[in-house]
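See below for final-v2.tsv, which holds TSV, C-alpha atoms.
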```tsv
chain	number	residue	atom	x	y	z
A	655	MET	CA	3.11	-11.32	10.19
A	656	ILE	CA	1.72	-14.37	8.39
A	657	PRO	CA	-1.79	-14.06	10.00
A	658	VAL	CA	-1.90	-10.37	8.99
A	659	ALA	CA	-0.92	-11.19	5.40
A	660	SER	CA	-3.49	-14.02	5.27
A	661	LEU	CA	-6.31	-11.78	6.49
A	662	THR	CA	-5.20	-9.05	4.08
A	663	LEU	CA	-5.44	-11.42	1.12
A	664	LEU	CA	-8.82	-12.68	2.31
A	665	ALA	CA	-10.10	-9.10	2.69
A	666	LEU	CA	-8.83	-8.09	-0.77
A	667	LEU	CA	-10.29	-11.15	-2.50
A	668	SER	CA	-13.60	-10.71	-0.68
A	669	SER	CA	-13.72	-7.02	-1.62
A	670	VAL	CA	-13.06	-7.82	-5.29
A	671	GLY	CA	-15.73	-10.52	-5.29
A	672	LEU	CA	-18.32	-8.29	-3.63
A	673	THR	CA	-17.52	-5.40	-5.99
A	674	LEU	CA	-17.87	-7.50	-9.13
A	675	SER	CA	-21.12	-9.06	-7.88
A	676	GLY	CA	-22.55	-5.71	-6.72
A	677	THR	CA	-23.15	-7.07	-3.21
A	678	GLY	CA	-22.97	-4.90	-0.08
A	679	SER	CA	-22.54	-1.19	0.49
A	680	PRO	CA	-19.85	0.20	-1.86
A	681	LEU	CA	-18.38	2.17	1.05
A	682	ALA	CA	-18.20	-0.91	3.28
A	683	VAL	CA	-16.75	-3.07	0.48
A	684	ALA	CA	-14.06	-0.47	-0.28
A	685	HIS	CA	-13.10	-0.24	3.39
A	686	LEU	CA	-13.02	-4.03	3.65
A	687	ALA	CA	-10.05	-3.85	1.26
A	688	PHE	CA	-8.52	-0.72	2.76
A	689	ALA	CA	-9.17	-0.75	6.51
A	690	VAL	CA	-9.04	-4.53	7.00
A	691	GLY	CA	-6.53	-5.37	4.28
A	692	ILE	CA	-4.21	-2.54	3.34
A	693	VAL	CA	-3.73	-0.41	6.47
A	694	PRO	CA	-2.74	-3.40	8.65
A	695	LEU	CA	-0.40	-4.64	5.90
A	696	ILE	CA	1.24	-1.20	5.78
A	697	PHE	CA	1.65	-1.35	9.57
A	698	ALA	CA	3.24	-4.81	9.23
A	699	ALA	CA	5.62	-3.62	6.49
A	700	MET	CA	6.68	-0.64	8.61
A	701	ILE	CA	7.30	-2.88	11.62
A	702	HIS	CA	9.38	-5.17	9.37
A	703	PHE	CA	11.49	-2.47	7.70
A	704	VAL	CA	12.05	0.11	10.47
A	705	PRO	CA	14.45	-2.11	12.49
A	706	VAL	CA	16.41	-2.65	9.26
A	707	LEU	CA	16.44	1.06	8.40
A	708	SER	CA	17.49	2.07	11.91
A	709	ARG	CA	19.77	-0.93	12.56
A	710	THR	CA	18.01	-1.71	15.84
A	711	GLY	CA	16.70	-4.97	17.30
A	712	ASP	CA	13.47	-6.83	16.71
A	713	PRO	CA	10.21	-5.09	17.70
A	714	SER	CA	8.47	-6.06	20.90
A	715	ARG	CA	5.55	-8.48	20.92
A	716	ASN	CA	3.08	-5.64	21.59
A	717	ILE	CA	4.28	-3.69	18.55
A	718	LYS	CA	4.02	-6.81	16.40
A	719	ARG	CA	0.36	-7.08	17.44
A	720	LEU	CA	-0.57	-3.60	16.14
A	721	PRO	CA	-1.50	-4.84	12.63
A	722	LEU	CA	-3.89	-7.43	14.07
A	723	PHE	CA	-5.45	-4.77	16.31
A	724	ALA	CA	-5.82	-2.55	13.22
A	725	GLN	CA	-7.59	-5.36	11.37
A	726	SER	CA	-10.06	-5.78	14.25
A	727	VAL	CA	-10.76	-2.04	14.23
A	728	GLY	CA	-11.18	-2.15	10.45
A	729	LEU	CA	-13.76	-4.91	10.77
A	730	LEU	CA	-15.68	-2.78	13.26
A	731	ALA	CA	-15.67	0.16	10.81
A	732	VAL	CA	-16.87	-2.06	7.95
A	733	ALA	CA	-19.66	-3.48	10.13
A	734	ALA	CA	-20.78	0.07	10.99
A	735	MET	CA	-20.80	1.10	7.31
A	736	GLN	CA	-22.80	-1.98	6.39
A	737	GLY	CA	-25.32	-1.31	9.18
A	738	ILE	CA	-24.49	-4.48	11.14
A	739	VAL	CA	-23.59	-2.41	14.23
A	740	PRO	CA	-24.69	1.16	15.15
A	741	HIS	CA	-23.22	3.84	12.89
A	742	ALA	CA	-21.72	5.57	15.93
A	743	CYS	CA	-19.19	2.73	16.05
A	744	LEU	CA	-17.57	4.25	12.96
A	745	GLN	CA	-16.40	7.26	14.97
A	746	PHE	CA	-15.14	4.95	17.70
A	747	ALA	CA	-13.23	2.88	15.14
A	748	ALA	CA	-11.64	6.04	13.68
A	749	LEU	CA	-10.56	7.08	17.18
A	750	LEU	CA	-9.03	3.65	17.85
A	751	ASP	CA	-7.18	3.68	14.52
A	752	LEU	CA	-5.90	7.16	15.32
A	753	LEU	CA	-4.53	5.81	18.61
A	754	LEU	CA	-2.86	2.82	16.89
A	755	ALA	CA	-1.28	5.07	14.26
A	756	GLY	CA	0.01	7.36	17.01
A	757	ILE	CA	1.56	4.43	18.88
A	758	LEU	CA	3.28	3.20	15.72
A	759	LEU	CA	4.52	6.69	14.83
A	760	ASN	CA	5.95	7.13	18.32
A	761	TRP	CA	7.70	3.73	18.07
A	762	ILE	CA	9.19	4.60	14.66
A	763	ALA	CA	10.50	7.94	15.95
A	764	GLY	CA	11.96	6.15	19.00
A	765	ARG	CA	13.75	3.61	16.78
A	766	ALA	CA	15.19	6.46	14.68
A	767	ARG	CA	16.60	8.06	17.84
A	768	MET	CA	18.10	4.71	18.93
A	769	ALA	CA	19.71	4.09	15.53
A	770	LEU	CA	23.35	3.13	15.28
A	771	GLY	CA	24.63	6.07	13.27
A	772	THR	CA	22.33	7.98	10.93
A	773	PRO	CA	19.10	6.06	10.21
A	774	HIS	CA	18.14	5.36	6.61
A	775	PRO	CA	15.88	8.20	5.33
A	776	GLY	CA	13.10	5.73	4.51
A	777	TRP	CA	11.85	5.99	8.11
A	778	ARG	CA	10.80	9.60	7.51
A	779	TRP	CA	8.51	8.47	4.68
A	780	TYR	CA	6.77	6.13	7.12
A	781	GLY	CA	6.37	8.97	9.60
A	782	ALA	CA	4.87	11.21	6.90
A	783	ALA	CA	2.57	8.38	5.74
A	784	LEU	CA	1.26	7.86	9.27
A	785	GLY	CA	0.82	11.62	9.63
A	786	CYS	CA	-1.42	11.57	6.53
A	787	LEU	CA	-3.40	8.65	7.97
A	788	MET	CA	-3.91	10.51	11.24
A	789	LEU	CA	-5.12	13.63	9.42
A	790	ALA	CA	-7.48	11.47	7.35
A	791	LEU	CA	-8.90	9.84	10.49
A	792	PHE	CA	-9.23	13.22	12.18
A	793	ALA	CA	-11.37	14.34	9.23
A	794	ILE	CA	-13.76	11.47	9.99
A	795	LEU	CA	-14.01	12.58	13.62
A	796	LEU	CA	-14.94	16.09	12.41
A	797	LEU	CA	-17.91	14.82	10.40
A	798	ASN	CA	-20.22	14.90	13.42
A	799	ILE	CA	-19.01	18.38	14.40
A	800	TRP	CA	-19.22	19.91	10.90
A	801	PRO	CA	-21.84	17.91	8.98
A	802	ALA	CA	-22.22	20.78	6.50
A	803	TYR	CA	-18.67	20.03	5.30
A	804	TRP	CA	-19.33	16.31	4.83
A	805	ARG	CA	-18.31	16.22	1.14
A	806	ALA	CA	-15.13	18.24	1.63
A	807	LEU	CA	-14.05	16.17	4.64
A	808	ARG	CA	-14.80	12.93	2.79
A	809	LEU	CA	-12.66	13.98	-0.19
A	810	PHE	CA	-9.87	15.15	2.12
A	811	HIS	CA	-10.01	11.76	3.89
A	812	LEU	CA	-10.04	9.80	0.61
A	813	HIS	CA	-7.07	11.53	-1.01
A	814	LEU	CA	-4.94	11.59	2.14
A	815	ASN	CA	-5.39	7.83	2.33
A	816	THR	CA	-4.88	6.95	-1.34
A	817	ILE	CA	-2.02	9.34	-2.17
A	818	GLY	CA	-0.81	10.29	1.31
A	819	LEU	CA	-0.74	7.10	3.35
A	820	LEU	CA	-0.45	4.60	0.50
A	821	GLY	CA	1.60	6.74	-1.86
A	822	LEU	CA	4.15	7.69	0.79
A	823	ALA	CA	4.34	4.20	2.28
A	824	ALA	CA	4.76	2.60	-1.16
A	825	LEU	CA	7.26	5.09	-2.58
A	826	GLY	CA	9.15	5.03	0.72
A	827	THR	CA	9.45	1.23	0.64
A	828	LEU	CA	9.98	0.47	-3.05
A	829	PRO	CA	13.48	2.03	-3.33
A	830	VAL	CA	14.56	-0.49	-0.67
A	831	LEU	CA	12.32	-3.42	-1.59
A	832	LEU	CA	12.94	-3.53	-5.35
A	833	PRO	CA	16.77	-3.63	-5.11
A	834	THR	CA	16.38	-6.36	-2.47
A	835	ALA	CA	14.20	-8.33	-4.89
A	836	GLN	CA	16.81	-7.75	-7.64
A	837	GLY	CA	19.57	-8.98	-5.35
A	838	ALA	CA	21.63	-5.86	-6.13
A	839	PRO	CA	21.95	-2.62	-4.13
A	840	ASP	CA	20.91	0.76	-5.46
A	841	PRO	CA	23.47	3.33	-4.21
A	842	GLN	CA	21.13	6.19	-5.14
A	843	ALA	CA	18.10	4.92	-3.18
A	844	ALA	CA	18.87	6.79	0.05
A	845	ASN	CA	19.61	9.97	-1.91
A	846	TRP	CA	16.32	9.73	-3.79
A	847	LEU	CA	14.39	9.18	-0.56
A	848	ARG	CA	16.14	12.11	1.12
A	849	ARG	CA	15.48	14.53	-1.76
A	850	ARG	CA	11.98	13.52	-2.82
A	851	LEU	CA	10.08	13.31	0.47
A	852	TRP	CA	8.96	16.93	0.32
A	853	LEU	CA	7.69	16.45	-3.25
A	854	VAL	CA	5.45	13.50	-2.43
A	855	ALA	CA	4.33	14.61	1.04
A	856	GLY	CA	3.67	18.16	-0.11
A	857	GLY	CA	1.97	16.91	-3.26
A	858	ALA	CA	-0.31	14.61	-1.27
A	859	LEU	CA	-1.39	17.47	1.01
A	860	VAL	CA	-2.00	19.78	-1.95
A	861	VAL	CA	-4.05	17.11	-3.78
A	862	ALA	CA	-6.16	16.36	-0.68
A	863	THR	CA	-6.76	20.04	0.06
A	864	GLY	CA	-7.49	20.88	-3.57
A	865	ALA	CA	-9.92	17.97	-3.93
A	866	ALA	CA	-11.74	19.16	-0.81
A	867	VAL	CA	-11.88	22.83	-1.81
A	868	VAL	CA	-11.63	23.27	-5.60
A	869	TRP	CA	-10.21	20.69	-8.01
A	870	PRO	CA	-7.78	22.90	-10.05
A	871	LEU	CA	-5.73	23.32	-6.86
A	872	ALA	CA	-5.17	19.54	-6.79
A	873	ALA	CA	-3.46	19.42	-10.20
A	874	PRO	CA	-0.12	20.97	-9.06
A	875	GLY	CA	0.00	18.49	-6.18
A	876	ALA	CA	-0.53	15.59	-8.56
A	877	ALA	CA	2.26	16.98	-10.76
A	878	LEU	CA	4.69	16.99	-7.79
A	879	VAL	CA	3.96	13.34	-7.00
A	880	LEU	CA	4.14	12.47	-10.70
A	881	VAL	CA	7.61	13.99	-11.03
A	882	ALA	CA	8.88	12.02	-8.03
A	883	ALA	CA	7.46	8.70	-9.25
A	884	LEU	CA	8.80	9.24	-12.79
A	885	GLY	CA	12.21	9.99	-11.31
A	886	LEU	CA	12.14	6.70	-9.43
A	887	LEU	CA	11.32	4.78	-12.63
A	888	GLY	CA	14.17	6.51	-14.42
A	889	GLN	CA	16.57	5.68	-11.61
A	890	TRP	CA	15.59	2.00	-11.72
A	891	GLY	CA	15.99	1.94	-15.49
A	892	ARG	CA	19.51	3.36	-15.27
A	893	ARG	CA	20.57	1.13	-12.39
A	894	PHE	CA	19.03	-2.23	-13.32
A	895	GLY	CA	17.76	-1.94	-16.89
A	896	LEU	CA	14.22	-2.66	-18.07
A	897	ARG	CA	15.05	-6.20	-19.18
A	898	ALA	CA	16.29	-7.19	-15.71
A	899	LEU	CA	13.25	-5.62	-14.03
A	900	LEU	CA	10.85	-7.52	-16.28
A	901	ALA	CA	12.77	-10.79	-15.98
A	902	ASP	CA	11.72	-11.30	-12.35
A	903	GLY	CA	8.07	-11.69	-11.34
A	904	VAL	CA	8.48	-9.68	-8.12
A	905	THR	CA	10.21	-6.66	-9.66
A	906	ALA	CA	7.83	-6.75	-12.65
A	907	SER	CA	4.89	-6.48	-10.24
A	908	LEU	CA	6.51	-3.61	-8.31
A	909	LEU	CA	7.31	-1.82	-11.57
A	910	ALA	CA	3.69	-2.26	-12.68
A	911	ALA	CA	2.51	-0.82	-9.35
A	912	VAL	CA	4.45	2.42	-9.95
A	913	ILE	CA	3.11	2.61	-13.53
A	914	GLY	CA	-0.41	2.04	-12.18
A	915	PHE	CA	0.16	4.79	-9.61
A	916	LEU	CA	1.19	7.21	-12.38
A	917	LEU	CA	-1.90	6.30	-14.41
A	918	SER	CA	-4.16	6.79	-11.39
A	919	LEU	CA	-2.71	10.28	-10.82
A	920	ALA	CA	-3.46	11.18	-14.43
A	921	PHE	CA	-6.96	9.69	-14.22
A	922	GLY	CA	-7.57	11.57	-10.99
A	923	VAL	CA	-6.79	14.93	-12.61
A	924	VAL	CA	-9.10	14.12	-15.54
A	925	HIS	CA	-11.79	13.03	-13.07
A	926	GLY	CA	-11.54	16.45	-11.45
A	927	THR	CA	-12.66	18.02	-14.73
A	928	GLY	CA	-15.79	15.85	-14.66
A	929	LEU	CA	-14.79	13.81	-17.73
A	930	MET	CA	-14.31	10.57	-15.78
A	931	SER	CA	-16.32	8.84	-13.08
A	932	GLY	CA	-14.87	8.98	-9.59
A	933	ARG	CA	-15.92	5.41	-8.86
A	934	THR	CA	-14.17	3.93	-11.91
A	935	THR	CA	-11.08	6.08	-11.22
A	936	LEU	CA	-10.89	4.69	-7.68
A	937	LEU	CA	-11.45	1.17	-9.00
A	938	ALA	CA	-8.65	1.61	-11.56
A	939	TRP	CA	-6.37	2.89	-8.77
A	940	GLY	CA	-7.08	-0.22	-6.72
A	941	ILE	CA	-6.54	-2.64	-9.61
A	942	GLY	CA	-3.62	-0.93	-11.35
A	943	PHE	CA	-1.66	0.21	-8.30
A	944	LEU	CA	-2.82	-1.53	-5.16
A	945	LEU	CA	-3.06	-5.13	-6.35
A	946	PRO	CA	0.30	-5.36	-8.16
A	947	LEU	CA	1.90	-3.59	-5.19
A	948	VAL	CA	0.44	-6.01	-2.64
A	949	THR	CA	1.02	-9.19	-4.67
A	950	GLY	CA	4.56	-8.12	-5.58
A	951	ALA	CA	5.49	-7.09	-2.04
A	952	LEU	CA	4.02	-10.26	-0.52
A	953	SER	CA	5.88	-12.40	-3.07
A	954	GLN	CA	9.11	-10.99	-1.63
A	955	LEU	CA	8.12	-10.69	2.04
A	956	LEU	CA	6.01	-13.80	2.75
A	957	PRO	CA	8.99	-16.20	2.54
A	958	VAL	CA	10.96	-13.93	4.91
A	959	TRP	CA	8.05	-13.69	7.35
A	960	ARG	CA	7.56	-17.45	7.22
A	961	TRP	CA	11.24	-18.22	7.86
A	962	PRO	CA	12.90	-15.23	9.59
A	963	GLY	CA	16.66	-15.14	9.98
A	964	PRO	CA	19.34	-16.29	7.55
A	965	ALA	CA	18.33	-17.18	3.99
A	966	THR	CA	17.44	-20.83	3.41
A	967	PRO	CA	16.78	-22.93	0.28
A	968	ALA	CA	13.13	-23.30	1.34
A	969	ARG	CA	12.72	-19.53	1.48
A	970	GLN	CA	14.16	-19.21	-2.03
A	971	ARG	CA	11.90	-21.97	-3.36
A	972	MET	CA	8.85	-20.27	-1.89
A	973	ARG	CA	9.84	-16.97	-3.47
A	974	VAL	CA	10.34	-18.67	-6.86
A	975	CYS	CA	6.82	-20.11	-6.61
A	976	LEU	CA	5.27	-16.74	-5.75
A	977	ALA	CA	7.19	-14.90	-8.48
A	978	ALA	CA	6.58	-17.53	-11.17
A	979	ASN	CA	3.78	-15.74	-13.04
A	980	GLY	CA	4.37	-12.24	-11.68
A	981	ARG	CA	4.99	-10.72	-15.11
A	982	TRP	CA	1.65	-11.97	-16.44
A	983	ARG	CA	-0.15	-10.84	-13.29
A	984	ALA	CA	1.34	-7.38	-13.59
A	985	LEU	CA	0.30	-7.06	-17.23
A	986	LEU	CA	-3.23	-8.31	-16.53
A	987	PHE	CA	-3.69	-5.89	-13.62
A	988	LEU	CA	-2.67	-2.93	-15.80
A	989	ILE	CA	-4.92	-4.04	-18.69
A	990	SER	CA	-7.80	-4.50	-16.25
A	991	ALA	CA	-7.29	-1.01	-14.77
A	992	LEU	CA	-7.23	0.58	-18.23
A	993	ALA	CA	-10.30	-1.41	-19.31
A	994	MET	CA	-12.28	-0.41	-16.21
A	995	GLN	CA	-11.35	3.23	-16.70
A	996	SER	CA	-12.27	3.05	-20.41
A	997	ASP	CA	-15.72	1.60	-19.64
A	998	PHE	CA	-15.02	-1.98	-20.74
A	999	PRO	CA	-16.07	-3.68	-17.48
A	1000	VAL	CA	-16.34	-7.22	-18.88
A	1001	LEU	CA	-12.76	-7.16	-20.22
A	1002	GLY	CA	-11.58	-5.50	-17.01
A	1003	ALA	CA	-13.28	-8.08	-14.80
A	1004	ALA	CA	-11.94	-10.98	-16.90
A	1005	CYS	CA	-8.33	-9.70	-16.69
A	1006	LEU	CA	-8.70	-9.00	-12.98
A	1007	LEU	CA	-10.02	-12.48	-12.21
A	1008	ALA	CA	-7.28	-14.07	-14.35
A	1009	ALA	CA	-4.58	-12.13	-12.48
A	1010	LEU	CA	-6.02	-13.03	-9.09
A	1011	LEU	CA	-6.31	-16.70	-10.05
A	1012	LEU	CA	-2.66	-16.70	-11.13
A	1013	PHE	CA	-1.62	-15.26	-7.76
A	1014	VAL	CA	-3.82	-17.64	-5.76
A	1015	SER	CA	-2.49	-20.64	-7.70
A	1016	SER	CA	1.10	-19.51	-7.05
A	1017	LEU	CA	0.29	-18.97	-3.38
A	1018	LEU	CA	-1.22	-22.46	-3.01
A	1019	VAL	CA	1.93	-23.99	-4.48
A	1020	ALA	CA	4.20	-21.75	-2.35
A	1021	VAL	CA	2.60	-22.63	0.99
A	1022	ARG	CA	3.33	-26.30	0.35
A	1023	VAL	CA	7.09	-25.62	0.42
A	1024	ARG	CA	8.58	-27.09	3.57
A	1025	GLN	CA	11.82	-26.35	5.40
A	1026	SER	CA	14.31	-29.20	5.15
A	1027	THR	CA	14.94	-31.03	8.43
A	1028	ARG	CA	18.26	-32.43	7.23
```
Take the structure in the file and write it out as structure tokens.
Amino acid sequence: MIPVASLTLLALLSSVGLTLSGTGSPLAVAHLAFAVGIVPLIFAAMIHFVPVLSRTGDPSRNIKRLPLFAQSVGLLAVAAMQGIVPHACLQFAALLDLLLAGILLNWIAGRARMALGTPHPGWRWYGAALGCLMLALFAILLLNIWPAYWRALRLFHLHLNTIGLLGLAALGTLPVLLPTAQGAPDPQAANWLRRRLWLVAGGALVVATGAAVVWPLAAPGAALVLVAALGLLGQWGRRFGLRALLADGVTASLLAAVIGFLLSLAFGVVHGTGLMSGRTTLLAWGIGFLLPLVTGALSQLLPVWRWPGPATPARQRMRVCLAANGRWRALLFLISALAMQSDFPVLGAACLLAALLLFVSSLLVAVRVRQSTR
């Protein structure tokens, strides 16, 4: 998983740099972050958590390679959008990604059937997230068949990815990941996941359909997702307390990601009225939700992926390094997202660069941690 995480970070940093400098096609730059960075990382997280949720053995080598295959396909899609290879390669890339998502979905369902006892309900969120991704990719394949519906299909694809795939994958993982980062179980996590799946999955489909057809239809869907995410924040507050969540750099980042997700839902509804730019709303979503989510999750998972198995002092030291400035990163990401959305791009860019530099500096220190040979 380390090569996947490394390429994800490189893709995200490159995408941020290209966006701030205005270099490259905006579509290609956005998909550099999403198709090369985020989708493979989501695949890797699913492959990591599903054996835990289903209490089954380690995944096979071929399954572990799926995220790297997804990154290769993502690079092909980006090259097609940038005009480096023929544009027809974009359809081929969508078809390949559809196949990879189908393979992963089939593996997850198989692991759920093999589970010792009842599998943790988090696996269903991953299945729903992959279902949204497959629908989004299918919309791309329809572009050549129904070019007259290009705008509607593009909006359907965009919202199924941002709220469907990413929203479901994130909200399906965080109730397990955040208590793990806190070092204390949350007895209500499984209950929340079991009861709230229909809210988020249904909301994502309503938002995507409404955005494609007529924007007022998207507002009820956004409200459903908003209610679920607010409920998760309330549950964390009752179980752990705000002070404990903010005391740790990892949990502070994950908390900021959920807050950023809530803000992006609100911005999205306002954008539908025409009062906000779609490009700045998407940028604020990436900065306020995606970046704290990725940096927070990797701060917890990278040490585990580097040294699988029982906990070791080296793993803990690496986590301490990665979490060291997590609270400041989280705050800077949220300020940057708000500044970008409020048309203060210089302040937004400054806060974004500061947050990324903090994470990169922590990462450079963390990778120097070595396992003791004694």
Using all atoms listed in the file, collect all residues at a distance of at most 8 Å from (-4.7, -9.5, 13.4) as written in the file, then present them as number ranges by chain. A: 657-658, 661, 694, 719-726
Could you give me, as a PyMOL selection string, the residues within 12 Å of Leu797 (chain A), counting only C-alpha atoms and dropping anything in the same chain fewer than 3 positions from it? chain A and resi 742+744-745+748+790-794+800-811
So, counting all atoms listed in the file, which residue among A:Trp852, A:Phe1013, A:Trp982, A:Phe746 is closest to Arg778 (chain A)? A:Trp852
Looking at A:Ala747, A:Leu672, A:Leu1007, A:Leu952, which one is nearest to Ile989 (chain A), with distances taken over only C-alpha atoms?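 Nearest candidate to Ile989 (chain A) out of A:Ala747, A:Leu672, A:Leu1007, A:Leu952: A:Leu1007.
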Taking only C-alpha atoms into account, name the residue in A:Ile717, A:Val706, A:Ala991, A:Ala872 that is nearest to Leu945 (chain A).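 When distances to Leu945 (chain A) are compared using only C-alpha atoms, the smallest one comes from A:Ala991.
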Taking only C-alpha atoms into account, name the residue in A:Val739, A:Leu1011, A:Leu909, A:Ile799 that is nearest to Arg897 (chain A). A:Leu909
List as a list in words: which residues have an atom within 12 Å of (10.7, -25.1, -1.9), counting only C-alpha atoms?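 Residues close enough to count: Pro957, Trp961, Thr966, Pro967, Ala968, Arg969, Gln970, Arg971, Met972, Arg973, Val974, Cys975, Leu976, Val1019, Ala1020, Val1021, Arg1022, Val1023, Arg1024, Gln1025 and Ser1026 of chain A.
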Please produce an output containing C-alpha atoms for each residue in the selection, written as a PDB file, in the frame of the given file.
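After the write, result.pdb holds the following:
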```
ATOM      1  CA  PRO A 957       8.990 -16.200   2.540  1.00  0.00           C
ATOM      2  CA  TRP A 961      11.240 -18.220   7.860  1.00  0.00           C
ATOM      3  CA  THR A 966      17.440 -20.830   3.410  1.00  0.00           C
ATOM      4  CA  PRO A 967      16.780 -22.930   0.280  1.00  0.00           C
ATOM      5  CA  ALA A 968      13.130 -23.300   1.340  1.00  0.00           C
ATOM      6  CA  ARG A 969      12.720 -19.530   1.480  1.00  0.00           C
ATOM      7  CA  GLN A 970      14.160 -19.210  -2.030  1.00  0.00           C
ATOM      8  CA  ARG A 971      11.900 -21.970  -3.360  1.00  0.00           C
ATOM      9  CA  MET A 972       8.850 -20.270  -1.890  1.00  0.00           C
ATOM     10  CA  ARG A 973       9.840 -16.970  -3.470  1.00  0.00           C
ATOM     11  CA  VAL A 974      10.340 -18.670  -6.860  1.00  0.00           C
ATOM     12  CA  CYS A 975       6.820 -20.110  -6.610  1.00  0.00           C
ATOM     13  CA  LEU A 976       5.270 -16.740  -5.750  1.00  0.00           C
ATOM     14  CA  VAL A1019       1.930 -23.990  -4.480  1.00  0.00           C
ATOM     15  CA  ALA A1020       4.200 -21.750  -2.350  1.00  0.00           C
ATOM     16  CA  VAL A1021       2.600 -22.630   0.990  1.00  0.00           C
ATOM     17  CA  ARG A1022       3.330 -26.300   0.350  1.00  0.00           C
ATOM     18  CA  VAL A1023       7.090 -25.620   0.420  1.00  0.00           C
ATOM     19  CA  ARG A1024       8.580 -27.090   3.570  1.00  0.00           C
ATOM     20  CA  GLN A1025      11.820 -26.350   5.400  1.00  0.00           C
ATOM     21  CA  SER A1026      14.310 -29.200   5.150  1.00  0.00           C
TER      22      SER A1026
END
```
Atom pair CA of Met735 (chain A) / CA of Ala689 (chain A): separation (Å): 11.8 Å
As lines of an AutoDock Vina configuration file, what would the box around region 970-986 of chain A look like: edges along x, y and z, 3 Å added on every side, centre and edge lengths in Å to one decimal?
```
center_x = 5.5
center_y = -14.5
center_z = -9.6
size_x = 23.4
size_y = 20.9
size_z = 21.3
```
Could you tell me how far CA of Ala882 (chain A) lies from CA of Ala993 (chain A), in Å and to one decimal? 26.0 Å
As a PDB file with C-alpha atoms, keeping the file's coordinate frame, please: the residues near region 785-787 of chain A (cut-off 10 Å, all atoms listed in the file, same-chain neighbours under 6 positions excluded).
```pdb
ATOM      1  CA  VAL A 693      -3.730  -0.410   6.470  1.00  0.00           C
ATOM      2  CA  ASP A 751      -7.180   3.680  14.520  1.00  0.00           C
ATOM      3  CA  LEU A 752      -5.900   7.160  15.320  1.00  0.00           C
ATOM      4  CA  ALA A 755      -1.280   5.070  14.260  1.00  0.00           C
ATOM      5  CA  GLY A 756       0.010   7.360  17.010  1.00  0.00           C
ATOM      6  CA  LEU A 759       4.520   6.690  14.830  1.00  0.00           C
ATOM      7  CA  TRP A 779       8.510   8.470   4.680  1.00  0.00           C
ATOM      8  CA  ALA A 793     -11.370  14.340   9.230  1.00  0.00           C
ATOM      9  CA  HIS A 811     -10.010  11.760   3.890  1.00  0.00           C
ATOM     10  CA  LEU A 812     -10.040   9.800   0.610  1.00  0.00           C
ATOM     11  CA  HIS A 813      -7.070  11.530  -1.010  1.00  0.00           C
ATOM     12  CA  LEU A 814      -4.940  11.590   2.140  1.00  0.00           C
ATOM     13  CA  ASN A 815      -5.390   7.830   2.330  1.00  0.00           C
ATOM     14  CA  THR A 816      -4.880   6.950  -1.340  1.00  0.00           C
ATOM     15  CA  ILE A 817      -2.020   9.340  -2.170  1.00  0.00           C
ATOM     16  CA  GLY A 818      -0.810  10.290   1.310  1.00  0.00           C
ATOM     17  CA  LEU A 819      -0.740   7.100   3.350  1.00  0.00           C
ATOM     18  CA  LEU A 820      -0.450   4.600   0.500  1.00  0.00           C
ATOM     19  CA  LEU A 822       4.150   7.690   0.790  1.00  0.00           C
ATOM     20  CA  ALA A 855       4.330  14.610   1.040  1.00  0.00           C
ATOM     21  CA  ALA A 858      -0.310  14.610  -1.270  1.00  0.00           C
ATOM     22  CA  LEU A 859      -1.390  17.470   1.010  1.00  0.00           C
ATOM     23  CA  ALA A 862      -6.160  16.360  -0.680  1.00  0.00           C
TER      24      ALA A 862
END
```
Hey, which of A:Pro946, A:Pro775, A:Pro870, A:Gly678 ends up closest to Gly826 (chain A)? Count only C-alpha atoms. A:Pro775
Within 8 Å of Val861 (chain A), counting all atoms listed in the file, which residues qualify if same-chain residues fewer than 3 places away don't, as a list in words? His813, Gly857, Ala858, Gly864, Ala865, Leu871, Ala872, Ala873, Pro874, Gly875 and Ala876 of chain A
Between CA of Pro833 (chain A) and CA of Ser708 (chain A), what is the spacing in Å? 18.0 Å
Calculated over all atoms listed in the file, which of the candidates A:Leu986, A:Leu730, A:Ile696, A:Ala1009 has the smallest distance to Leu758 (chain A)?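 Looking only at the distances to Leu758 (chain A), the closest residue turns out to be A:Ile696.
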Set the distance at 10 Å and use only C-alpha atoms: which residues neighbour Ser907 (chain A) once local chain neighbours fewer than 3 positions away are removed? I'd like the list as a ChimeraX atom specification. /A:832,899-900,902-904,910-913,943,945-951,953,977,979-985,987
Give me, as number ranges by chain, all polymer residues having an atom no more than 12 Å from Phe703 (chain A), counting only C-alpha atoms and skipping those fewer than 3 positions away in the same chain. A: 696-700, 706-713, 762, 765-766, 773-777, 779-780, 823, 826-828, 830-831, 834, 955, 958-959
